[in-house]
Structure formats: structure tokens, C-alpha cells
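Next comes upload.cif, a file with mmCIF, C-alpha atoms (C1' of nucleotides).
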```
data_final
#
loop_
_atom_site.group_PDB
_atom_site.id
_atom_site.type_symbol
_atom_site.label_atom_id
_atom_site.label_comp_id
_atom_site.auth_asym_id
_atom_site.auth_seq_id
_atom_site.Cartn_x
_atom_site.Cartn_y
_atom_site.Cartn_z
ATOM 1 C CA MET A 1133 226.540 178.197 105.242
ATOM 2 C CA VAL A 1134 228.790 176.677 107.831
ATOM 3 C CA GLU A 1135 228.963 172.932 107.973
ATOM 4 C CA HIS A 1136 228.075 171.274 111.211
ATOM 5 C CA ILE A 1137 230.816 168.842 112.011
ATOM 6 C CA GLU A 1138 229.601 165.846 113.954
ATOM 7 C CA ARG A 1139 231.567 165.352 117.069
ATOM 8 C CA GLN A 1140 232.311 161.945 118.404
ATOM 9 C CA THR A 1141 231.320 161.610 122.039
ATOM 10 C CA LYS A 1142 231.031 158.696 124.411
ATOM 11 C CA GLN A 1143 227.393 159.530 124.980
ATOM 12 C CA LYS A 1144 226.590 159.179 121.318
ATOM 13 C CA ASP A 1145 228.423 155.906 121.159
ATOM 14 C CA ALA A 1146 226.679 154.602 124.236
ATOM 15 C CA ILE A 1147 223.278 155.575 122.919
ATOM 16 C CA ARG A 1148 223.910 154.121 119.515
ATOM 17 C CA ALA A 1149 225.281 150.940 121.040
ATOM 18 C CA ALA A 1150 222.368 150.570 123.415
ATOM 19 C CA LEU A 1151 219.975 151.113 120.562
ATOM 20 C CA ALA A 1152 221.812 148.559 118.468
ATOM 21 C CA ASP A 1153 221.439 146.113 121.336
ATOM 22 C CA CYS A 1154 217.696 146.401 121.124
ATOM 23 C CA GLU A 1155 216.019 144.098 118.759
ATOM 24 C CA GLU A 1156 212.706 145.793 119.078
ATOM 25 C CA PHE A 1157 211.545 149.346 119.081
ATOM 26 C CA ILE A 1158 212.293 151.168 122.274
ATOM 27 C CA SER A 1159 211.206 154.475 123.687
ATOM 28 C CA ALA A 1160 213.627 157.238 124.561
ATOM 29 C CA GLN A 1161 212.771 156.844 128.209
ATOM 30 C CA ASP A 1162 213.311 153.110 128.211
ATOM 31 C CA LEU A 1163 216.596 153.506 126.415
ATOM 32 C CA HIS A 1164 217.642 156.068 128.972
ATOM 33 C CA ARG A 1165 216.754 153.691 131.775
ATOM 34 C CA LYS A 1166 218.641 150.903 130.060
ATOM 35 C CA LEU A 1167 221.694 153.121 129.819
ATOM 36 C CA GLU A 1168 221.424 154.027 133.481
ATOM 37 C CA ASP A 1169 221.164 150.382 134.402
ATOM 38 C CA GLU A 1170 224.329 149.739 132.472
ATOM 39 C CA GLY A 1171 226.054 152.418 134.468
ATOM 40 C CA SER A 1172 226.156 155.130 131.850
ATOM 41 C CA LYS A 1173 225.116 158.407 133.344
ATOM 42 C CA ILE A 1174 223.596 160.120 130.365
ATOM 43 C CA GLY A 1175 221.015 162.854 130.502
ATOM 44 C CA LEU A 1176 217.568 162.106 129.251
ATOM 45 C CA ALA A 1177 217.661 165.162 127.037
ATOM 46 C CA THR A 1178 220.785 163.875 125.362
ATOM 47 C CA VAL A 1179 219.101 160.591 124.640
ATOM 48 C CA TYR A 1180 216.202 162.426 123.047
ATOM 49 C CA ARG A 1181 218.505 164.648 121.055
ATOM 50 C CA GLN A 1182 220.623 161.801 119.811
ATOM 51 C CA LEU A 1183 217.640 159.647 118.991
ATOM 52 C CA ASN A 1184 216.069 162.439 117.009
ATOM 53 C CA ALA A 1185 219.341 163.074 115.263
ATOM 54 C CA LEU A 1186 219.564 159.435 114.271
ATOM 55 C CA ALA A 1187 216.012 159.485 113.038
ATOM 56 C CA ASP A 1188 216.582 162.695 111.106
ATOM 57 C CA ALA A 1189 219.683 161.258 109.550
ATOM 58 C CA GLY A 1190 217.683 158.261 108.504
ATOM 59 C CA ALA A 1191 219.798 155.983 110.649
ATOM 60 C CA ALA A 1192 216.892 155.082 112.857
ATOM 61 C CA ASP A 1193 213.324 154.136 112.231
ATOM 62 C CA THR A 1194 210.588 155.450 114.420
ATOM 63 C CA ILE A 1195 207.003 154.546 114.968
ATOM 64 C CA ARG A 1196 204.431 156.089 117.225
ATOM 65 C CA LEU A 1197 202.685 153.833 119.614
ATOM 66 C CA ASP A 1198 200.238 155.018 122.172
ATOM 67 C CA GLY A 1199 201.497 158.568 122.197
ATOM 68 C CA GLN A 1200 205.123 157.653 122.570
ATOM 69 C CA GLN A 1201 207.743 157.620 119.934
ATOM 70 C CA LEU A 1202 209.681 154.413 119.603
ATOM 71 C CA PHE A 1203 213.039 154.113 117.921
ATOM 72 C CA ARG A 1204 215.005 151.359 116.310
ATOM 73 C CA LEU A 1205 218.236 151.325 114.425
ATOM 74 C CA CYS A 1206 217.687 150.975 110.709
ATOM 75 C CA GLY A 1207 219.346 147.766 109.678
ATOM 76 C CA ASP A 1208 218.520 147.776 106.043
ATOM 77 C CA ASP A 1209 217.984 150.896 104.040
ATOM 78 C CA GLY A 1210 214.778 149.694 102.482
ATOM 79 C CA HIS A 1211 211.294 150.328 103.620
ATOM 80 C CA HIS A 1212 209.710 147.976 106.031
ATOM 81 C CA HIS A 1213 206.711 147.807 108.248
ATOM 82 C CA HIS A 1214 205.690 146.152 111.423
ATOM 83 C CA LEU A 1215 203.429 143.708 113.021
ATOM 84 C CA VAL A 1216 202.983 144.921 116.564
ATOM 85 C CA CYS A 1217 201.656 142.787 119.378
ATOM 86 C CA LYS A 1218 199.084 144.761 121.298
ATOM 87 C CA LYS A 1219 199.810 142.928 124.484
ATOM 88 C CA CYS A 1220 203.538 142.456 124.798
ATOM 89 C CA GLY A 1221 204.683 145.015 122.268
ATOM 90 C CA ARG A 1222 206.741 142.549 120.305
ATOM 91 C CA THR A 1223 207.257 143.620 116.739
ATOM 92 C CA VAL A 1224 208.048 141.663 113.663
ATOM 93 C CA GLU A 1225 209.262 143.221 110.505
ATOM 94 C CA ILE A 1226 207.083 142.532 107.517
ATOM 95 C CA ASP A 1227 207.672 142.903 103.854
ATOM 96 C CA PRO A 1228 206.634 146.072 102.139
ATOM 97 C CA PRO A 1229 203.223 146.080 100.525
ATOM 98 C CA SER A 1230 203.184 146.111 96.802
ATOM 99 C CA GLU A 1231 204.675 149.508 96.164
ATOM 100 C CA SER A 1232 203.149 149.564 92.768
ATOM 101 C CA TRP A 1233 199.708 149.232 94.265
ATOM 102 C CA LEU A 1234 200.398 152.189 96.501
ATOM 103 C CA ARG A 1235 201.641 154.328 93.707
ATOM 104 C CA LYS A 1236 198.740 153.395 91.497
ATOM 105 C CA VAL A 1237 196.193 154.356 94.127
ATOM 106 C CA ALA A 1238 197.959 157.605 94.979
ATOM 107 C CA GLU A 1239 198.384 158.652 91.407
ATOM 108 C CA GLY A 1240 194.795 157.817 90.765
ATOM 109 C CA HIS A 1241 194.071 160.767 93.055
ATOM 110 C CA GLY A 1242 196.793 162.879 91.524
ATOM 111 C CA PHE A 1243 198.998 162.531 94.574
ATOM 112 C CA THR A 1244 202.684 161.870 94.575
ATOM 113 C CA VAL A 1245 204.012 159.335 97.037
ATOM 114 C CA GLU A 1246 206.716 160.546 99.358
ATOM 115 C CA SER A 1247 206.427 158.186 102.243
ATOM 116 C CA HIS A 1248 204.034 155.882 103.929
ATOM 117 C CA THR A 1249 203.560 154.022 107.139
ATOM 118 C CA LEU A 1250 201.825 150.769 107.757
ATOM 119 C CA GLU A 1251 201.329 149.233 111.111
ATOM 120 C CA VAL A 1252 199.431 146.112 111.842
ATOM 121 C CA PHE A 1253 198.252 145.410 115.353
ATOM 122 C CA GLY A 1254 197.250 142.068 116.712
ATOM 123 C CA LEU A 1255 198.373 139.391 119.106
ATOM 124 C CA CYS A 1256 201.601 137.506 118.770
ATOM 125 C CA PRO A 1257 201.638 133.732 119.121
ATOM 126 C CA GLU A 1258 202.677 133.900 122.786
ATOM 127 C CA CYS A 1259 199.951 136.284 123.786
ATOM 128 C CA GLN A 1260 197.279 134.278 122.036
ATOM 129 C CA LYS A 1261 197.792 131.440 124.456
ATOM 130 C CA PRO A 1262 195.185 131.277 127.188
ATOM 131 C CA MET B 281 177.523 145.424 137.633
ATOM 132 C CA VAL B 282 175.543 148.589 137.220
ATOM 133 C CA GLU B 283 174.855 149.740 133.709
ATOM 134 C CA HIS B 284 176.010 153.153 132.756
ATOM 135 C CA ILE B 285 173.135 154.909 131.135
ATOM 136 C CA GLU B 286 174.182 157.391 128.486
ATOM 137 C CA ARG B 287 172.689 160.740 129.087
ATOM 138 C CA GLN B 288 171.681 163.001 126.294
ATOM 139 C CA THR B 289 173.217 166.438 126.637
ATOM 140 C CA LYS B 290 173.512 169.417 124.363
ATOM 141 C CA GLN B 291 177.269 169.256 124.609
ATOM 142 C CA LYS B 292 177.348 165.742 123.273
ATOM 143 C CA ASP B 293 175.058 166.703 120.444
ATOM 144 C CA ALA B 294 177.113 169.741 119.594
ATOM 145 C CA ILE B 295 180.335 167.777 119.582
ATOM 146 C CA ARG B 296 178.893 164.995 117.528
ATOM 147 C CA ALA B 297 177.377 167.471 115.087
ATOM 148 C CA ALA B 298 180.576 169.445 114.757
ATOM 149 C CA LEU B 299 182.482 166.266 114.159
ATOM 150 C CA ALA B 300 179.956 165.182 111.567
ATOM 151 C CA ASP B 301 180.475 168.512 109.842
ATOM 152 C CA CYS B 302 184.122 167.742 109.375
ATOM 153 C CA GLU B 303 184.995 165.854 106.315
ATOM 154 C CA GLU B 304 188.530 165.292 107.392
ATOM 155 C CA PHE B 305 190.176 164.192 110.554
ATOM 156 C CA ILE B 306 190.280 166.861 113.201
ATOM 157 C CA SER B 307 192.072 167.184 116.499
ATOM 158 C CA ALA B 308 190.267 167.617 119.780
ATOM 159 C CA GLN B 309 191.682 171.100 120.126
ATOM 160 C CA ASP B 310 190.638 172.146 116.661
ATOM 161 C CA LEU B 311 187.168 170.775 117.208
ATOM 162 C CA HIS B 312 186.968 172.674 120.461
ATOM 163 C CA ARG B 313 187.975 175.859 118.683
ATOM 164 C CA LYS B 314 185.432 175.208 115.973
ATOM 165 C CA LEU B 315 182.730 174.811 118.582
ATOM 166 C CA GLU B 316 183.774 178.019 120.269
ATOM 167 C CA ASP B 317 183.657 179.822 116.961
ATOM 168 C CA GLU B 318 180.137 178.572 116.485
ATOM 169 C CA GLY B 319 179.215 180.015 119.841
ATOM 170 C CA SER B 320 179.057 176.813 121.820
ATOM 171 C CA LYS B 321 180.803 177.237 125.113
ATOM 172 C CA ILE B 322 182.000 173.743 125.743
ATOM 173 C CA GLY B 323 184.908 172.794 127.925
ATOM 174 C CA LEU B 324 187.939 171.333 126.264
ATOM 175 C CA ALA B 325 187.888 168.440 128.681
ATOM 176 C CA THR B 326 184.383 167.583 127.617
ATOM 177 C CA VAL B 327 185.439 167.540 124.007
ATOM 178 C CA TYR B 328 188.240 165.166 124.867
ATOM 179 C CA ARG B 329 185.966 162.973 126.937
ATOM 180 C CA GLN B 330 183.297 162.812 124.309
ATOM 181 C CA LEU B 331 185.726 162.215 121.506
ATOM 182 C CA ASN B 332 187.333 159.389 123.408
ATOM 183 C CA ALA B 333 183.938 157.971 124.211
ATOM 184 C CA LEU B 334 183.019 158.001 120.536
ATOM 185 C CA ALA B 335 186.269 156.346 119.639
ATOM 186 C CA ASP B 336 185.848 153.734 122.357
ATOM 187 C CA ALA B 337 182.344 153.023 121.187
ATOM 188 C CA GLY B 338 183.670 152.559 117.709
ATOM 189 C CA ALA B 339 181.645 155.478 116.422
ATOM 190 C CA ALA B 340 184.731 157.452 115.538
ATOM 191 C CA ASP B 341 187.946 156.616 113.817
ATOM 192 C CA THR B 342 191.182 158.003 115.119
ATOM 193 C CA ILE B 343 194.633 158.326 113.701
ATOM 194 C CA ARG B 344 197.752 159.702 115.245
ATOM 195 C CA LEU B 345 199.530 162.340 113.311
ATOM 196 C CA ASP B 346 202.525 164.164 114.592
ATOM 197 C CA GLY B 347 201.847 163.410 118.205
ATOM 198 C CA GLN B 348 198.262 164.488 118.117
ATOM 199 C CA GLN B 349 195.234 162.339 117.957
ATOM 200 C CA LEU B 350 192.824 163.114 115.175
ATOM 201 C CA PHE B 351 189.223 162.038 115.113
ATOM 202 C CA ARG B 352 186.634 161.490 112.478
ATOM 203 C CA LEU B 353 183.144 160.141 112.595
ATOM 204 C CA CYS B 354 182.965 156.663 111.217
ATOM 205 C CA GLY B 355 180.678 156.951 108.270
ATOM 206 C CA ASP B 356 181.004 153.508 106.904
ATOM 207 C CA ASP B 357 181.830 150.609 109.082
ATOM 208 C CA GLY B 358 184.556 149.376 106.810
ATOM 209 C CA HIS B 359 188.186 150.081 107.067
ATOM 210 C CA HIS B 360 189.728 152.874 105.119
ATOM 211 C CA HIS B 361 193.012 154.663 104.895
ATOM 212 C CA HIS B 362 194.339 157.980 103.854
ATOM 213 C CA LEU B 363 196.427 159.808 101.430
ATOM 214 C CA VAL B 364 197.698 162.835 103.290
ATOM 215 C CA CYS B 365 199.139 165.886 101.593
ATOM 216 C CA LYS B 366 202.318 166.876 103.375
ATOM 217 C CA LYS B 367 201.876 170.491 102.475
ATOM 218 C CA CYS B 368 198.234 171.404 102.847
ATOM 219 C CA GLY B 369 197.102 168.520 104.995
ATOM 220 C CA ARG B 370 194.335 167.518 102.612
ATOM 221 C CA THR B 371 193.382 163.907 102.984
ATOM 222 C CA VAL B 372 191.744 161.588 100.565
ATOM 223 C CA GLU B 373 190.237 158.312 101.541
ATOM 224 C CA ILE B 374 191.702 155.368 99.757
ATOM 225 C CA ASP B 375 190.536 151.868 99.359
ATOM 226 C CA PRO B 376 191.728 149.288 101.798
ATOM 227 C CA PRO B 377 194.760 147.307 100.801
ATOM 228 C CA SER B 378 194.168 143.718 100.012
ATOM 229 C CA GLU B 379 193.046 142.529 103.394
ATOM 230 C CA SER B 380 193.896 139.035 102.439
ATOM 231 C CA TRP B 381 197.481 140.024 101.858
ATOM 232 C CA LEU B 382 197.635 141.542 105.316
ATOM 233 C CA ARG B 383 196.160 138.529 106.977
ATOM 234 C CA LYS B 384 198.409 136.205 105.080
ATOM 235 C CA VAL B 385 201.508 138.085 106.146
ATOM 236 C CA ALA B 386 200.398 138.367 109.754
ATOM 237 C CA GLU B 387 199.406 134.755 110.047
ATOM 238 C CA GLY B 388 202.674 133.795 108.473
ATOM 239 C CA HIS B 389 204.202 135.103 111.692
ATOM 240 C CA GLY B 390 201.550 133.565 113.878
ATOM 241 C CA PHE B 391 199.958 136.914 114.586
ATOM 242 C CA THR B 392 196.283 137.675 114.610
ATOM 243 C CA VAL B 393 195.135 140.857 112.961
ATOM 244 C CA GLU B 394 193.129 143.176 115.137
ATOM 245 C CA SER B 395 193.652 146.472 113.443
ATOM 246 C CA HIS B 396 195.985 148.256 111.171
ATOM 247 C CA THR B 397 196.806 151.701 109.999
ATOM 248 C CA LEU B 398 198.124 152.810 106.686
ATOM 249 C CA GLU B 399 198.995 156.336 105.864
ATOM 250 C CA VAL B 400 200.482 157.528 102.672
ATOM 251 C CA PHE B 401 202.163 160.897 102.543
ATOM 252 C CA GLY B 402 202.821 162.911 99.439
ATOM 253 C CA LEU B 403 201.734 166.012 97.627
ATOM 254 C CA CYS B 404 198.223 166.604 96.403
ATOM 255 C CA PRO B 405 197.633 167.886 92.873
ATOM 256 C CA GLU B 406 197.287 171.497 94.044
ATOM 257 C CA CYS B 407 200.500 171.502 95.991
ATOM 258 C CA GLN B 408 202.467 169.960 93.159
ATOM 259 C CA LYS B 409 201.902 173.042 91.040
ATOM 260 C CA PRO B 410 204.875 175.388 90.915
ATOM 261 C "C1'" DC C 522 166.111 163.421 144.007
ATOM 262 C "C1'" DT C 523 170.337 160.869 142.112
ATOM 263 C "C1'" DG C 524 174.005 159.686 139.572
ATOM 264 C "C1'" DG C 525 176.037 160.689 135.164
ATOM 265 C "C1'" DA C 526 177.994 164.856 132.692
ATOM 266 C "C1'" DT C 527 180.289 169.199 132.707
ATOM 267 C "C1'" DG C 528 183.806 172.856 133.510
ATOM 268 C "C1'" DC C 529 187.687 174.377 135.509
ATOM 269 C "C1'" DA C 530 192.176 174.081 136.776
ATOM 270 C "C1'" DA C 531 195.665 171.289 138.276
ATOM 271 C "C1'" DA C 532 198.144 167.214 137.232
ATOM 272 C "C1'" DC C 533 200.363 164.179 133.811
ATOM 273 C "C1'" DG C 534 203.628 162.011 130.645
ATOM 274 C "C1'" DC C 535 206.438 162.690 126.912
ATOM 275 C "C1'" DT C 536 209.319 165.730 124.586
ATOM 276 C "C1'" DT C 537 211.843 169.985 123.690
ATOM 277 C "C1'" DT C 538 214.577 174.004 124.917
ATOM 278 C "C1'" DG C 539 217.531 177.687 127.266
ATOM 279 C "C1'" DC C 540 221.639 178.153 129.219
ATOM 280 C "C1'" DA C 541 225.935 177.480 131.565
ATOM 281 C "C1'" DA C 542 229.530 174.108 131.933
ATOM 282 C "C1'" DA C 543 232.164 170.417 129.734
ATOM 283 C "C1'" DT C 544 234.816 168.775 125.968
ATOM 284 C "C1'" DA C 545 236.242 167.177 121.165
ATOM 285 C "C1'" DG C 546 239.003 168.534 117.458
ATOM 286 C "C1'" DC D 1069 240.866 177.983 121.572
ATOM 287 C "C1'" DT D 1070 236.150 177.621 119.932
ATOM 288 C "C1'" DA D 1071 232.115 175.582 118.534
ATOM 289 C "C1'" DT D 1072 229.538 171.522 119.480
ATOM 290 C "C1'" DT D 1073 227.543 168.717 123.012
ATOM 291 C "C1'" DT D 1074 226.105 167.815 127.400
ATOM 292 C "C1'" DG D 1075 223.230 168.054 131.684
ATOM 293 C "C1'" DC D 1076 219.948 170.116 134.271
ATOM 294 C "C1'" DA D 1077 215.833 172.065 135.086
ATOM 295 C "C1'" DA D 1078 212.161 174.540 133.331
ATOM 296 C "C1'" DA D 1079 208.969 175.082 129.827
ATOM 297 C "C1'" DG D 1080 205.776 173.160 126.269
ATOM 298 C "C1'" DC D 1081 202.312 170.411 124.400
ATOM 299 C "C1'" DG D 1082 198.459 167.494 124.077
ATOM 300 C "C1'" DT D 1083 195.790 164.936 127.080
ATOM 301 C "C1'" DT D 1084 193.717 163.259 131.426
ATOM 302 C "C1'" DT D 1085 191.823 163.677 136.039
ATOM 303 C "C1'" DG D 1086 189.857 165.373 140.668
ATOM 304 C "C1'" DC D 1087 186.278 167.650 142.293
ATOM 305 C "C1'" DA D 1088 182.508 170.692 142.977
ATOM 306 C "C1'" DT D 1089 178.574 171.904 140.355
ATOM 307 C "C1'" DC D 1090 175.005 171.044 137.101
ATOM 308 C "C1'" DC D 1091 171.235 168.840 135.065
ATOM 309 C "C1'" DA D 1092 168.800 164.844 132.538
ATOM 310 C "C1'" DG D 1093 165.936 161.252 133.776
#
```

Turn the structure described in the file into C-alpha cells.
Amino acid sequence: MVEHIERQTKQKDAIRAALADCEEFISAQDLHRKLEDEGSKIGLATVYRQLNALADAGAADTIRLDGQQLFRLCGDDGHHHHLVCKKCGRTVEIDPPSESWLRKVAEGHGFTVESHTLEVFGLCPECQKP
Amino acid sequence: MVEHIERQTKQKDAIRAALADCEEFISAQDLHRKLEDEGSKIGLATVYRQLNALADAGAADTIRLDGQQLFRLCGDDGHHHHLVCKKCGRTVEIDPPSESWLRKVAEGHGFTVESHTLEVFGLCPECQKP
DNA sequence: CTGGATGCAAACGCTTTGCAAATAG
DNA sequence: CTATTTGCAAAGCGTTTGCATCCAG
């Protein structure tokens, strides 16, 4: 099998940089718009491709919200979950649940644990204000 | 404001019944196919509308898996989560995580908790066999 | 009768893909 | 030079919507 050598392109850099700039999860479309606003003329398809590549490579985290896929650069390598504000979309990283609890429950049903997702939705402090 | 009076139709009944028949989560398209197979000629749009209505009314639970929305009739009113087999798709209901833990974490960030989803992916006993 | 419900097909929004042109190594 | 990457536009997918028709109340 032939190895696929990753090529370094300005588009990839721009996308990665723009993603790194984001503190929160961002959709491919929003990232594309952000790049356009910054002057980078990058095709939407390229943004999707690069984002998926990053996610596949484990360099980016993704969550699904409301039918869209949101991406964020993976800072740490560990598992983490999110508290998502239903109103403004702000997300806060939360600590992993007790992994042992998970494993215990899964194995109680004879399942192995490969991955899991946990998302908590609510209102952030700002959006709770009247 | 005028009240919307729910009308009783055979389509609604059929959809609700078919959904009740399902033990696992099912997509709108699959449910539509199932209904067709049973001889009910119901429009796909109606299935979507009814399913969304059930979900809005809180009578059905929905999860998003792989870009699709899956529905299931809410048997119990409590919260529950799933262990999903990556290979065969089998799902097992699991007990809720310590709700208090969730709330504690969320409130630690000033968030309220409105809802949450937890999905655990792995291999079921069958699919672990070589 | 009357207004909610249905069915159809067209519209939608997000994402992916085919393909020719551009370009990194 | 050659294979990867890009950009564009078209296709794909699940879902929603407009509208004429249907039918429960």
C-alpha cells in the first residue's frame, strides 16, 4: 500500500489557524465565512475536507448540534465533554464522568466500551439573566 | 389565541403504533418503510410531521446518530441513555448517570441543566465473538 | 361546512463528490 | 514531473414546506 504523504498548503494552515483561533466549537460554514472575512479565499469544500481530515486524525473534536457538525481543535488528548448553552451556544468543557462507572455499566451488559459522548444542555449564566 | 385541536387520524394511529412496535430507536425513513411494508400508504412527510409532533409533545425521545434523527416512544418518563453496538446497531438502555453529579458540574459553571445526552459506543456480546 | 391533516413534489441546508486545474515536493 | 490538493459546481442526503386536496368533528 502506498503511503499518502500529507502536503503542506496555505489553505490547510489557514484553516487550522482559524480553527485554533476559535475558543468554541464552530461549524464548517462559519469557519469558511470567518476565513473569507479574513481575506482568505478558500473553497467551502476544502474547509469541509480539511475539517474532516483533522477530525479523522483525531486532531479535532466534533459534536453534532442541531443537525450541524461543529468542530474544535483538540487541545488535550484526553476525553472531555461539554456543557452547551441552548441559547447562545457557548460551551464549557467539563470533566469526564467517572470512566469506571461507564465501564462497569457497559460490561454489566457484556458490552465493550470504545467511545462515548456526553452533552449537557442548559442555559449559561449570561442567558439566565432576564 | 386559538387552540389547535388535535385530530384523530388513521395515519397518526398507524405511525404511533408502528413506533410503539419498535423497541429501539428508529429513523423517520425506516419507520416510513416499515409502514409501507405493513401496507399502510402514508406519506413520508406525514411521518416526519407526526414524529416531530410526538417529540415536541414529549411523547417521543429522539437522539441524533450519524446525522440522522432517531425516534423512540417514551415509555417511562425518566431519563435514560444507551449503549450502542458499533457493529450491529443494537442498543441497550442503561441507567442514568448520577444526576447529582451532572447538576453539580453544571452549576459549578453557573449553567442550568435542561437536558443531556449520553451515548456509549462499543461492541455487544454477539459482535465481540470472533 | 371548516379548519386541521395529508400527500406530493419542490425547496432546503448541510455535506460530499467528480473532475479539471493548480501546486507542493 | 507526478500525485496530492484545490475550487467549483453538481449531486446527495435527510428533512421541511407550500399548496391543493381530503376528511374528522

Find the residues near range 1076-1092 of chain D: any atom within 8 Å, counting only C-alpha atoms (C1' of nucleotides), skip ones fewer than 2 places away on the same chain, and give them as a PyMOL selection string.
-> (chain B and resi 287-289+328+347-348) or (chain C and resi 527+532-533+537-538)

Surrounding residues of Cys302 in chain B excluding itself and chain neighbours under 4 positions, 8 Å, all atoms listed in the file, as a PDB file with C-alpha atoms, in the coordinates of the input:
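New file result.pdb:
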```pdb
ATOM      1  CA  ALA B 298     180.576 169.445 114.757  1.00  0.00           C
ATOM      2  CA  ILE B 306     190.280 166.861 113.201  1.00  0.00           C
ATOM      3  CA  ARG B 352     186.634 161.490 112.478  1.00  0.00           C
TER       4      ARG B 352
END
```

Any chance you could resolve the PyMOL selection byres ((chain A and resi 1261) around 12) against this file and give the residues as a list of chain:residue names?
-> A:Lys1219, A:Leu1255, A:Cys1256, A:Pro1257, A:Glu1258, A:Cys1259, A:Gln1260, A:Pro1262, B:Gly390, B:Phe391, B:Thr392

Run the PyMOL selection byres ((chain D) within 8 of (chain A)) on the file and write out the hits as a list in words.
->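 Applied to this file, the PyMOL selection byres ((chain D) within 8 of (chain A)) returns DT1072, DT1073, DT1074 and DG1075 of chain D.
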
Length of the CA of Leu1205 in chain A to CA of Phe1253 in chain A vector [Å] |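 The value is 20.9 Å.
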
Under the rule of at most 9 Å, produce a per-residue listing of chain C near chain A: chain, number, name, the closest pair of atoms, and the distance in Å, as a Markdown table, using all atoms listed in the file.
```
| residue | atom | partner | partner_atom | distance |
| --- | --- | --- | --- | --- |
| C:DC535 | C1' | A:Gln1200 | CA | 6.8 |
| C:DT536 | C1' | A:Tyr1180 | CA | 7.8 |
| C:DT537 | C1' | A:Ala1177 | CA | 8.3 |
| C:DT544 | C1' | A:Thr1141 | CA | 8.9 |
| C:DA545 | C1' | A:Arg1139 | CA | 6.5 |
| C:DG546 | C1' | A:Arg1139 | CA | 8.1 |
```

What residues in chain A lie within 10 Å of chain B, counting all atoms listed in the file, written as a compact mmCIF listing (two decimals) with C-alpha atoms, in the coordinates of the input?
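Listing of selection.txt after writing:
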```
# COMPACT_ATOMS: atom_id res chain seq x y z
CA ARG A 1196 204.43 156.09 117.22
CA LEU A 1197 202.68 153.83 119.61
CA ASP A 1198 200.24 155.02 122.17
CA GLY A 1199 201.50 158.57 122.20
CA GLN A 1200 205.12 157.65 122.57
CA GLN A 1201 207.74 157.62 119.93
CA HIS A 1214 205.69 146.15 111.42
CA LEU A 1215 203.43 143.71 113.02
CA VAL A 1216 202.98 144.92 116.56
CA CYS A 1217 201.66 142.79 119.38
CA LYS A 1218 199.08 144.76 121.30
CA VAL A 1224 208.05 141.66 113.66
CA GLU A 1225 209.26 143.22 110.50
CA ILE A 1226 207.08 142.53 107.52
CA ASP A 1227 207.67 142.90 103.85
CA PRO A 1229 203.22 146.08 100.52
CA SER A 1230 203.18 146.11 96.80
CA TRP A 1233 199.71 149.23 94.26
CA LEU A 1234 200.40 152.19 96.50
CA ARG A 1235 201.64 154.33 93.71
CA VAL A 1237 196.19 154.36 94.13
CA ALA A 1238 197.96 157.60 94.98
CA GLU A 1239 198.38 158.65 91.41
CA GLY A 1240 194.80 157.82 90.76
CA HIS A 1241 194.07 160.77 93.06
CA GLY A 1242 196.79 162.88 91.52
CA PHE A 1243 199.00 162.53 94.57
CA THR A 1244 202.68 161.87 94.58
CA VAL A 1245 204.01 159.34 97.04
CA GLU A 1246 206.72 160.55 99.36
CA SER A 1247 206.43 158.19 102.24
CA HIS A 1248 204.03 155.88 103.93
CA THR A 1249 203.56 154.02 107.14
CA LEU A 1250 201.82 150.77 107.76
CA GLU A 1251 201.33 149.23 111.11
CA VAL A 1252 199.43 146.11 111.84
CA PHE A 1253 198.25 145.41 115.35
CA GLY A 1254 197.25 142.07 116.71
CA LEU A 1255 198.37 139.39 119.11
CA CYS A 1256 201.60 137.51 118.77
CA PRO A 1257 201.64 133.73 119.12
CA GLU A 1258 202.68 133.90 122.79
CA CYS A 1259 199.95 136.28 123.79
CA GLN A 1260 197.28 134.28 122.04
```

Shell around Asp341 in chain B at 9 Å using only C-alpha atoms (C1' of nucleotides), local window under 6 positions removed, as a list of chain:residue names = B:Phe305, B:Leu334, B:Ala335, B:Leu350, B:Phe351, B:Arg352, B:Leu353, B:Cys354

Produce a file of the selected residues containing C-alpha atoms, as a short mmCIF file (atom, residue, chain, number, x, y, z; two decimals), in the coordinates of the input.
```
data_model
loop_
_atom_site.label_atom_id
_atom_site.label_comp_id
_atom_site.auth_asym_id
_atom_site.auth_seq_id
_atom_site.Cartn_x
_atom_site.Cartn_y
_atom_site.Cartn_z
CA PHE B 305 190.18 164.19 110.55
CA LEU B 334 183.02 158.00 120.54
CA ALA B 335 186.27 156.35 119.64
CA LEU B 350 192.82 163.11 115.18
CA PHE B 351 189.22 162.04 115.11
CA ARG B 352 186.63 161.49 112.48
CA LEU B 353 183.14 160.14 112.60
CA CYS B 354 182.96 156.66 111.22
#
```

Separating CA of Leu1183 in chain A from CA of Glu1155 in chain A, to the nearest tenth of an Å, is a gap of 15.6 Å

For Arg1222 in chain A, which residue among A:Glu1156, A:Asp1169, A:Lys1142, A:Ala1149 is the nearest when counting all atoms listed in the file?
->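 With all atoms listed in the file as the atom set, the closest residue is A:Glu1156.
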
To one decimal place, how far is CA of Leu1167 in chain A from C1' of DA542 in chain C in Å?
->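 So the answer is 22.5 Å.
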
Could you work out an axis-aligned bounding box for all listed atoms of range 1148-1163 of chain A, with 8 Å added on each of the six sides, and give its centre and edge lengths in Å to one decimal, as JSON?
```
{"center_x": 218.2, "center_y": 150.7, "center_z": 123.3, "size_x": 30.1, "size_y": 29.1, "size_z": 25.7}
```
